[in-house]
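Visitor: Please find final-v5.cif (mmCIF, C-alpha atoms and all ligand atoms) on the next line:
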```cif
data_run
#
loop_
_atom_site.label_atom_id
_atom_site.label_comp_id
_atom_site.auth_asym_id
_atom_site.auth_seq_id
_atom_site.Cartn_x
_atom_site.Cartn_y
_atom_site.Cartn_z
CA MET A 1 104.30 -116.76 -179.86
CA THR A 2 103.19 -116.87 -176.24
CA GLU A 3 100.50 -114.69 -174.69
CA SER A 4 100.29 -113.87 -171.02
CA ASP A 5 98.57 -111.16 -169.02
CA GLN A 6 101.86 -109.34 -168.64
CA PHE A 7 103.70 -109.61 -171.96
CA HIS A 8 103.10 -110.13 -175.62
CA SER A 9 106.16 -112.25 -176.41
CA TYR A 10 107.13 -113.47 -179.86
CA VAL A 11 109.96 -114.95 -181.91
CA PRO A 12 110.48 -112.42 -184.73
CA ALA A 13 111.38 -115.16 -187.24
CA GLU A 14 107.89 -116.61 -186.70
CA GLY A 15 106.01 -113.31 -186.89
CA HIS A 16 105.05 -110.66 -184.36
CA GLY A 17 101.35 -111.56 -184.28
CA LEU A 18 100.23 -107.92 -184.18
CA LYS A 19 98.51 -105.65 -186.69
CA HIS A 20 101.73 -103.68 -187.21
CA ASP A 21 105.32 -104.77 -186.57
CA PRO A 22 106.14 -103.03 -183.26
CA PHE A 23 109.93 -103.06 -183.81
CA ASN A 24 110.23 -99.58 -185.35
CA ALA A 25 107.82 -98.09 -182.84
CA ILE A 26 109.79 -99.57 -179.93
CA VAL A 27 113.23 -98.51 -181.15
CA GLY A 28 112.10 -94.98 -181.72
CA PRO A 29 111.57 -92.22 -182.34
CA ARG A 30 114.78 -92.18 -184.35
CA PRO A 31 116.76 -89.30 -185.82
CA ILE A 32 116.82 -89.23 -189.59
CA GLY A 33 119.92 -89.44 -191.72
CA TRP A 34 119.09 -87.26 -194.72
CA ILE A 35 121.99 -88.27 -196.89
CA SER A 36 123.30 -86.39 -199.91
CA THR A 37 125.67 -88.14 -202.30
CA LEU A 38 127.01 -87.87 -205.84
CA SER A 39 127.14 -90.68 -208.35
CA PRO A 40 130.59 -91.32 -209.89
CA ASP A 41 129.51 -89.29 -212.93
CA GLY A 42 128.34 -86.40 -210.76
CA ALA A 43 124.54 -86.91 -210.50
CA PRO A 44 123.24 -85.60 -207.14
CA ASN A 45 121.21 -87.90 -204.89
CA LEU A 46 119.35 -87.24 -201.64
CA ALA A 47 117.47 -89.78 -199.48
CA PRO A 48 116.31 -90.27 -195.85
CA TYR A 49 117.50 -93.15 -193.64
CA SER A 50 116.02 -93.51 -190.15
CA PHE A 51 118.17 -96.48 -189.18
CA PHE A 52 120.64 -93.79 -188.39
CA ASN A 53 122.65 -92.58 -185.41
CA ALA A 54 125.91 -91.22 -184.00
CA PHE A 55 128.53 -93.75 -182.89
CA ASN A 56 131.67 -91.92 -181.81
CA TYR A 57 132.64 -88.55 -180.31
CA THR A 58 136.28 -88.18 -181.33
CA PRO A 59 136.44 -88.22 -184.22
CA PRO A 60 132.68 -87.83 -184.69
CA ILE A 61 131.34 -90.85 -186.59
CA ILE A 62 127.77 -91.30 -187.80
CA GLY A 63 126.20 -94.26 -189.55
CA PHE A 64 123.07 -95.45 -191.28
CA SER A 65 121.70 -98.73 -192.56
CA SER A 66 120.36 -99.37 -196.03
CA THR A 67 117.98 -102.28 -196.50
CA GLY A 68 118.97 -103.20 -200.04
CA TRP A 69 121.82 -101.89 -202.18
CA LYS A 70 120.31 -98.45 -202.84
CA ASP A 71 121.69 -95.50 -204.82
CA THR A 72 123.01 -93.82 -201.66
CA VAL A 73 125.25 -96.75 -200.65
CA ALA A 74 126.30 -97.41 -204.23
CA ASN A 75 127.39 -93.77 -204.54
CA ILE A 76 129.26 -93.75 -201.23
CA GLU A 77 131.04 -97.01 -202.05
CA LYS A 78 132.30 -95.45 -205.30
CA THR A 79 133.05 -91.90 -204.09
CA GLY A 80 133.79 -92.35 -200.36
CA GLU A 81 131.83 -89.21 -199.46
CA PHE A 82 128.43 -88.07 -198.20
CA VAL A 83 126.70 -85.20 -196.41
CA TRP A 84 124.23 -85.61 -193.54
CA ASN A 85 121.52 -82.93 -193.29
CA LEU A 86 119.27 -82.33 -190.26
CA VAL A 87 115.56 -82.78 -191.07
CA THR A 88 113.47 -80.06 -189.43
CA ARG A 89 109.71 -79.62 -189.22
CA THR A 90 109.72 -77.14 -192.10
CA LEU A 91 111.68 -79.59 -194.27
CA ALA A 92 109.74 -82.75 -193.31
CA GLU A 93 107.45 -82.90 -196.34
CA ARG A 94 110.34 -82.24 -198.72
CA MET A 95 112.42 -84.94 -196.97
CA ASN A 96 109.53 -87.34 -197.53
CA ILE A 97 109.50 -86.59 -201.27
CA THR A 98 113.18 -87.55 -201.45
CA SER A 99 112.30 -91.10 -200.32
CA ALA A 100 110.49 -91.71 -203.62
CA VAL A 101 111.99 -94.46 -205.75
CA VAL A 102 113.26 -92.69 -208.87
CA PRO A 103 115.84 -93.57 -211.54
CA PRO A 104 119.44 -92.72 -210.56
CA ASP A 105 119.57 -89.85 -213.09
CA VAL A 106 116.63 -88.03 -211.42
CA SER A 107 117.83 -85.62 -208.74
CA GLU A 108 115.74 -85.70 -205.56
CA PHE A 109 116.93 -82.11 -204.99
CA ALA A 110 114.99 -81.07 -208.10
CA LEU A 111 112.06 -83.39 -207.36
CA GLY A 112 111.56 -81.93 -203.88
CA HIS A 113 112.37 -78.30 -204.87
CA ILE A 114 115.27 -78.46 -202.43
CA ARG A 115 118.00 -75.85 -202.71
CA SER A 116 121.55 -77.11 -202.47
CA THR A 117 124.75 -75.37 -201.51
CA PRO A 118 128.34 -76.50 -202.10
CA SER A 119 130.29 -78.30 -199.37
CA ASP A 120 133.75 -77.17 -198.29
CA ILE A 121 135.61 -80.49 -198.23
CA VAL A 122 133.52 -83.17 -199.94
CA ARG A 123 131.91 -83.07 -203.38
CA PRO A 124 128.25 -83.88 -202.52
CA THR A 125 126.27 -80.71 -201.84
CA ARG A 126 124.44 -79.73 -198.65
CA VAL A 127 120.71 -79.04 -198.26
CA ALA A 128 120.84 -75.25 -198.11
CA ASP A 129 117.72 -74.86 -195.94
CA SER A 130 118.78 -77.49 -193.40
CA PRO A 131 120.22 -75.71 -190.34
CA VAL A 132 122.86 -78.36 -189.58
CA GLN A 133 124.94 -80.32 -192.06
CA PHE A 134 127.88 -82.71 -191.60
CA GLU A 135 130.34 -83.30 -194.43
CA CYS A 136 131.48 -86.93 -194.08
CA ARG A 137 134.12 -89.28 -195.45
CA LEU A 138 133.42 -93.01 -195.55
CA THR A 139 135.16 -94.98 -192.80
CA GLN A 140 133.53 -98.43 -193.08
CA MET A 141 130.80 -100.17 -195.04
CA VAL A 142 129.60 -103.36 -193.36
CA GLN A 143 127.22 -105.97 -194.74
CA LEU A 144 125.06 -107.16 -191.82
CA LYS A 145 124.67 -110.86 -190.95
CA ASP A 146 121.96 -112.74 -189.07
CA ALA A 147 122.64 -114.79 -185.92
CA ASP A 148 123.55 -117.83 -188.05
CA GLY A 149 126.14 -115.87 -189.97
CA ARG A 150 124.10 -115.58 -193.16
CA ALA A 151 124.74 -112.37 -195.08
CA LEU A 152 121.76 -110.00 -195.20
CA GLU A 153 120.91 -107.59 -198.01
CA THR A 154 121.54 -104.76 -195.55
CA TRP A 155 124.54 -102.46 -195.40
CA MET A 156 125.74 -100.19 -192.58
CA THR A 157 127.68 -97.20 -193.76
CA PHE A 158 129.85 -95.27 -191.29
CA GLY A 159 131.45 -91.93 -191.98
CA GLU A 160 133.67 -89.49 -190.14
CA VAL A 161 132.36 -85.94 -189.89
CA VAL A 162 135.18 -83.93 -191.44
CA LYS A 163 133.32 -80.61 -191.38
CA ALA A 164 130.21 -79.51 -189.45
CA HIS A 165 127.99 -76.54 -190.31
CA ILE A 166 125.51 -75.15 -187.73
CA ARG A 167 123.27 -72.17 -188.50
CA ALA A 168 124.49 -69.37 -186.24
CA ASP A 169 121.12 -68.61 -184.59
CA LEU A 170 121.00 -72.14 -183.17
CA VAL A 171 124.04 -71.50 -181.00
CA ALA A 172 123.43 -69.33 -177.92
CA SER A 173 126.26 -68.64 -175.43
CA GLY A 174 128.25 -71.51 -176.92
CA VAL A 175 125.43 -74.06 -176.55
CA TYR A 176 123.59 -75.72 -179.45
CA ASP A 177 119.81 -75.38 -179.04
CA THR A 178 118.30 -78.72 -180.06
CA VAL A 179 114.66 -77.62 -179.75
CA ALA A 180 115.10 -74.39 -181.70
CA ALA A 181 116.14 -76.41 -184.76
CA ARG A 182 112.78 -78.27 -184.57
CA PRO A 183 114.27 -81.66 -185.52
CA VAL A 184 111.90 -84.33 -186.80
CA LEU A 185 112.14 -87.93 -185.60
CA ARG A 186 110.76 -91.05 -187.24
CA ALA A 187 108.34 -93.10 -185.15
CA GLY A 188 106.61 -96.44 -185.75
CA GLY A 189 103.83 -97.10 -188.21
CA PRO A 190 103.85 -96.15 -191.85
CA ALA A 191 103.40 -92.42 -191.30
CA ASP A 192 104.30 -91.37 -187.75
CA TYR A 193 106.84 -88.71 -186.85
CA TYR A 194 107.60 -86.70 -183.71
CA GLU A 195 108.86 -83.24 -183.14
CA ILE A 196 110.92 -82.38 -180.04
CA ARG A 197 109.43 -79.79 -177.66
CA THR A 198 110.87 -77.95 -174.66
CA ASP A 199 108.21 -79.38 -172.30
CA SER A 200 109.48 -82.91 -172.90
CA LEU A 201 112.95 -82.05 -171.54
CA PHE A 202 114.19 -83.46 -168.23
CA GLN A 203 117.73 -83.72 -166.94
CA MET A 204 119.84 -86.38 -165.18
CA ARG A 205 123.54 -86.48 -164.48
CA ARG A 206 125.51 -89.71 -164.36
CA PRO A 207 126.14 -91.03 -160.82
CA GLN A 208 129.51 -89.81 -159.55
CA GLY A 209 131.22 -88.36 -156.46
CA ASP A 210 129.14 -88.35 -153.23
CA GLU A 211 126.08 -89.64 -155.01
CA LEU A 212 127.99 -92.68 -156.29
CA THR A 213 129.55 -93.28 -152.84
CA LYS A 214 126.05 -93.31 -151.29
CA LEU A 215 124.80 -95.70 -153.96
CA LEU A 216 127.72 -98.07 -153.31
CA ASP A 217 127.31 -97.83 -149.50
CA GLY A 218 123.75 -99.05 -149.76
CA HIS A 219 124.68 -101.80 -152.20
CA HIS A 220 124.88 -105.04 -150.18
CA VAL A 221 123.75 -107.55 -152.75
CA THR A 222 126.45 -108.92 -155.04
CA ASP A 223 124.65 -110.00 -158.19
C1 LIG B 1 111.68 -91.19 -192.88
C2 LIG B 1 112.22 -92.28 -193.75
C3 LIG B 1 113.19 -93.12 -193.25
C4 LIG B 1 113.74 -94.14 -194.04
N1 LIG B 1 114.69 -94.95 -193.50
C5 LIG B 1 115.26 -95.92 -194.26
C6 LIG B 1 116.27 -96.75 -193.69
O1 LIG B 1 116.68 -96.61 -192.53
N2 LIG B 1 116.82 -97.70 -194.50
C7 LIG B 1 116.43 -97.86 -195.80
O2 LIG B 1 116.97 -98.74 -196.49
N3 LIG B 1 115.47 -97.08 -196.36
C8 LIG B 1 114.87 -96.11 -195.61
N4 LIG B 1 113.91 -95.31 -196.17
C9 LIG B 1 113.54 -95.50 -197.57
C10 LIG B 1 114.55 -94.80 -198.50
O3 LIG B 1 114.58 -93.41 -198.25
C11 LIG B 1 114.12 -95.04 -199.98
O4 LIG B 1 114.27 -96.42 -200.29
C12 LIG B 1 114.88 -94.20 -200.98
O5 LIG B 1 114.29 -94.34 -202.26
C13 LIG B 1 116.35 -94.59 -201.10
O6 LIG B 1 116.94 -93.68 -201.99
P1 LIG B 1 118.30 -93.96 -202.76
O7 LIG B 1 118.10 -95.20 -203.62
O8 LIG B 1 118.47 -92.71 -203.57
O9 LIG B 1 119.38 -94.14 -201.75
C14 LIG B 1 113.31 -94.31 -195.39
C15 LIG B 1 112.31 -93.45 -195.90
C16 LIG B 1 111.76 -92.46 -195.09
C17 LIG B 1 110.68 -91.55 -195.63
#
```
Kindly present the structure from the file in structure tokens form.

Guide:
Amino acid sequence: MTESDQFHSYVPAEGHGLKHDPFNAIVGPRPIGWISTLSPDGAPNLAPYSFFNAFNYTPPIIGFSSTGWKDTVANIEKTGEFVWNLVTRTLAERMNITSAVVPPDVSEFALGHIRSTPSDIVRPTRVADSPVQFECRLTQMVQLKDADGRALETWMTFGEVVKAHIRADLVASGVYDTVAARPVLRAGGPADYYEIRTDSLFQMRRPQGDELTKLLDGHHVTD
């Protein structure tokens, strides 16, 4: 690790040298993949994964990473199906309960007093009180490797959204209202979360047309 006035620099393999690992706090806040699955014999499972994001528009593909071979990945590997549920502020505490380590035959739906509702296409159920749910079919499951090619005990699961459900009041004039859903994001530290608020919104459009021409006109350095 090297210290300077300007940067705290470190080699992760040798330790970050701080009180808390900053990695999660830097790559964040992150959306949460609240993933519902069924075991091969039909036992429901629900768990949150914040190493989660969207990766493709058409078809829509989402993915999450499991550190360790957990019930969620084991179920998806066997059944090929899962449901993603949006975590909102009102559901945050119940989402947290579903992260508890419990035997595979204990349903986190029951543990967290979470109502479920059937899906249309896949077998795992949806969180009834979540305002957005994606029914997904497994596309790829990838075991991650480190830079030396050594296999890690971490699995990325990707799924295609084959059916999306959005609560009607969150769509106004054909536009989905992100803030109205009150989504919860995972931040760094053992307990930090953020909510999204209207006053944190700002807008930018990608450079194109006249704006791009002006940018290119003023661009004399070729580097
Ligand atoms: C907000 C939140 C985010 C989490 N993100 C992850 C994650 O990205 N990867 C992971 O392996 N575990 C993550 N966990 C822990 C899992 O939810 C926990 O290990 C859970 O018991 C897994 O359940 P399962 O065995 O039923 O799949 C997270 C927990 C919380 C509360």

Visitor: Can you build me a table of chain A residues sitting at most 6 Å from ligand LIG 1 (chain B), with the closest atom pair per residue and its distance in Å to one decimal, using only C-alpha atoms and all ligand atoms, sorted by chain and residue number, as CSV?

Guide:
```
residue,atom,partner,partner_atom,distance
A:Asn45,CA,B:LIG1,O8,5.7
A:Leu46,CA,B:LIG1,O8,5.9
A:Ala47,CA,B:LIG1,O6,4.7
A:Pro48,CA,B:LIG1,O3,4.3
A:Tyr49,CA,B:LIG1,N1,3.3
A:Ser50,CA,B:LIG1,N1,3.9
A:Phe51,CA,B:LIG1,O1,3.7
A:Ser65,CA,B:LIG1,N2,5.4
A:Ser66,CA,B:LIG1,O2,3.5
A:Thr67,CA,B:LIG1,O2,3.7
A:Lys70,CA,B:LIG1,O7,4.0
A:Asp71,CA,B:LIG1,O7,3.8
A:Thr72,CA,B:LIG1,O9,3.6
A:Asn96,CA,B:LIG1,C17,4.8
A:Ser99,CA,B:LIG1,O3,3.8
A:Ala100,CA,B:LIG1,O5,4.8
A:Val101,CA,B:LIG1,O5,4.2
A:Arg186,CA,B:LIG1,C1,5.7
```

Visitor: Any chance you can output those residues with C-alpha atoms as an mmCIF file, in the coordinates of the input?

Guide:
```
data_model
loop_
_atom_site.group_PDB
_atom_site.id
_atom_site.type_symbol
_atom_site.label_atom_id
_atom_site.label_comp_id
_atom_site.auth_asym_id
_atom_site.auth_seq_id
_atom_site.Cartn_x
_atom_site.Cartn_y
_atom_site.Cartn_z
ATOM 1 C CA ASN A 45 121.210 -87.900 -204.890
ATOM 2 C CA LEU A 46 119.350 -87.240 -201.640
ATOM 3 C CA ALA A 47 117.470 -89.780 -199.480
ATOM 4 C CA PRO A 48 116.310 -90.270 -195.850
ATOM 5 C CA TYR A 49 117.500 -93.150 -193.640
ATOM 6 C CA SER A 50 116.020 -93.510 -190.150
ATOM 7 C CA PHE A 51 118.170 -96.480 -189.180
ATOM 8 C CA SER A 65 121.700 -98.730 -192.560
ATOM 9 C CA SER A 66 120.360 -99.370 -196.030
ATOM 10 C CA THR A 67 117.980 -102.280 -196.500
ATOM 11 C CA LYS A 70 120.310 -98.450 -202.840
ATOM 12 C CA ASP A 71 121.690 -95.500 -204.820
ATOM 13 C CA THR A 72 123.010 -93.820 -201.660
ATOM 14 C CA ASN A 96 109.530 -87.340 -197.530
ATOM 15 C CA SER A 99 112.300 -91.100 -200.320
ATOM 16 C CA ALA A 100 110.490 -91.710 -203.620
ATOM 17 C CA VAL A 101 111.990 -94.460 -205.750
ATOM 18 C CA ARG A 186 110.760 -91.050 -187.240
#
```

Visitor: Do you know which residues are at most 10 Å from Thr178 of chain A counting all atoms listed in the file, after dropping those on the same chain fewer than 5 positions away, and could you put them as a VMD selection string?

Guide: chain A and resid 170 to 171 183 196 to 198

Visitor: List the neighbours of Thr125 of chain A out to 8 Å using only C-alpha atoms; skip same-chain residues closer than 3 positions along the sequence, and give me the result as a PyMOL selection string.

Guide: chain A and resi 36-37+44+83+116-119+122

Visitor: Which value, in Å to one decimal, gives the distance between atom CA of Leu38 of chain A and atom CA of Arg94 of chain A?

Guide: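 A separation of 19.0 Å between them.
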
Visitor: With 3 Å of padding per side, what axis-aligned box (centre and edge lengths, Å, one decimal) covers all the listed atoms of segment 87-93 of chain A? Give it as AutoDock Vina command-line options.

Guide:
```
--center_x 111.5 --center_y -80.0 --center_z -192.8 --size_x 14.1 --size_y 11.8 --size_z 13.1
```

Visitor: Considering only C-alpha atoms, can you say which of A:Phe52, A:Tyr57, A:Phe134, A:Tyr176 comes closest to Trp155 of chain A?

Guide: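 Nearest to Trp155 of chain A: A:Phe52.
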
Visitor: Using all atoms listed in the file for the distances, tell me which of A:Phe202, A:Tyr193, A:Phe158, A:Tyr10 is nearest to Gly28 of chain A.

Guide: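 Of A:Phe202, A:Tyr193, A:Phe158, A:Tyr10, the one nearest Gly28 of chain A is A:Tyr193, counting all atoms listed in the file.
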
Visitor: Counting only C-alpha atoms, which of A:Pro59, A:Gly159, A:Pro131, A:Gly149 gets nearest to Ala181 of chain A?

Guide: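 Closest to Ala181 of chain A of all the choices is A:Pro131.
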
Visitor: Rank nothing, just name the residue among A:Ala180, A:Phe55, A:Phe109, A:Gly188 nearest to Ala168 of chain A, using only C-alpha atoms.

Guide: A:Ala180

Visitor: Of the candidates A:Glu195, A:Glu77, A:Glu93, A:Asp210, which one gets nearest to Arg30 of chain A if we count all atoms listed in the file?

Guide: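 Nearest to Arg30 of chain A: A:Glu195.
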
Visitor: Skip Asn24 of chain A itself and residues of its chain fewer than 2 positions away, then list as a list in words all residues within 8 Å of it, counting only C-alpha atoms.

Guide: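 The filter keeps Asp21, Pro22, Ile26, Val27, Gly28, Ala187, Gly188 and Gly189 of chain A.
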
Visitor: Can you work out which one of A:Met95, A:Val87, A:Leu201, A:Val73 has the shortest atom-to-atom distance to Gln143 of chain A, counting only C-alpha atoms?

Guide: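 Of A:Met95, A:Val87, A:Leu201, A:Val73, the one nearest Gln143 of chain A is A:Val73, counting only C-alpha atoms.
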
Visitor: Which value, in Å to one decimal, gives the distance between atom CA of Ile32 of chain A and atom CA of Arg150 of chain A?

Guide: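 Pair atom CA of Ile32 of chain A / atom CA of Arg150 of chain A returns 27.6 Å.
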
Visitor: Using Å and a single decimal, report how far atom CA of Asn53 of chain A sits from atom CA of Ala128 of chain A.

Guide: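 Distance between the two atoms: 21.6 Å.
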